[in-house]
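One structure below.
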Amino acid sequence: MKMLDQRYINTYSLQENVKMSLGKILTIILSITALGLVVALIIFGYEDFSAWFQKVFIDLIFAVIMAVIVGLIIDRIYRKYAPQSKILKTTMTHSPGNNVSFAKLILPNNNNIIVDGAERVVGREDFVGVISTDKLLYIGKDHLKITKDGDYFYIQDLNTKNGTKINGETISANETKLLSSGDEIEVGQTVKIYYHERT
């Protein structure tokens, strides 16, 4: 069996950076509030601060509650209306015993592109977060197609500029080749992935 490339490029999608749990939101709000109260105590002294705090205590609690509610509403709206990238919909993290797909393409970071239908087009968006942005430009938007015919899977280069290779052999534009489990596929002379059929 061929060794998989174990490189991992540490990039994250905007969606992953934006996600924040309720616990983190509350921790940040409470930390800022506590810091503000300590600074006010130092600046105004204990007696002035105590009198001020008694007047605005209810307002502070109300402001914290409203901030949490607004944060939750914004998070809910973002999750509902944020566009889902193709990679989030089609790439699954490798997990032992996963028998959902008929075949899979193993990426350099060990994520899988699942081929579970009659046809699966693989393109640039499937490699976001797997290879660097400048290398993504060598991969076509719709670069190659995997099709299932009976019990066999075939690969076809979709007439791309930088081509596709199987085990070092270039596939002609729009040529269809039979895939075998363990095949190495080089996409756009940039990234090597591995094809495996479900056992």
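Numbering starts fresh at 1 for the residues of each chain in the structure tokens, the chains themselves are lettered A, B, ... in the order given, and ligands are numbered from 1 as they appear.
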
Next item on the list: Would you please give, as a ChimeraX atom specification, all residues of region 59-194 of chain A that DSSP assigns to strand (DSSP E or B) based on the backbone?
Entry: /A:91-93,103-106,111-115,119-122,128,131,144-149,152-157,164-166,169-171,176-178,184-187,191-194

Item checked: Selected residue, from A:Ile193, A:Gly36, A:Phe62, A:Ile73, that lies nearest to Phe49 (chain A) when counting only C-alpha atoms ->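 Counting only C-alpha atoms, the residue closest to Phe49 (chain A) is A:Gly36.
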
Note to self: Given only C-alpha atoms as the basis, pick out the residue of A:Thr27, A:Thr133, A:Gln156, A:Thr147 nearest to Ala173 (chain A).
What the structure shows: A:Gln156

Next item on the list: Using only C-alpha atoms, determine which residues lie at most 9 Å from Val64 (chain A), disregarding the query and same-chain residues fewer than 4 positions distant; provide the list as a PyMOL selection string.
Entry: chain A and resi 26+29-30+33+59-60+68-69

Notebook entry, point to check: Leu144 (chain A): which residues within 8 Å, counting only C-alpha atoms, same-chain residues fewer than 4 positions away excluded, as a PyMOL selection string?
Noted result: chain A and resi 121-123+155-158+164

Note to self: Let me make sure I understand: among A:Leu105, A:Pro83, A:Ile25, A:Ile43, which one has the smallest atom-to-atom distance to Ile65 (chain A) if we use only C-alpha atoms?
What the structure shows: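 Of A:Leu105, A:Pro83, A:Ile25, A:Ile43, the one nearest Ile65 (chain A) is A:Ile25, counting only C-alpha atoms.
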
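Within 9 Å of Tyr194 (chain A), once only C-alpha atoms are used and residues closer than 6 positions along the same chain are dropped, the contacting residues are A:Lys2, A:Leu4, A:Lys104, A:Leu105, A:Ile106, A:Leu107, A:Pro108, A:Ser181, A:Gly182, A:Asp183, A:Glu184, A:Ile185, A:Glu186.
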
Next item on the list: Kindly indicate which residue among A:Leu137, A:Leu178, A:Leu72, A:Ile146 lies nearest to Ala103 (chain A), using only C-alpha atoms for the distances.
Entry: A:Ile146
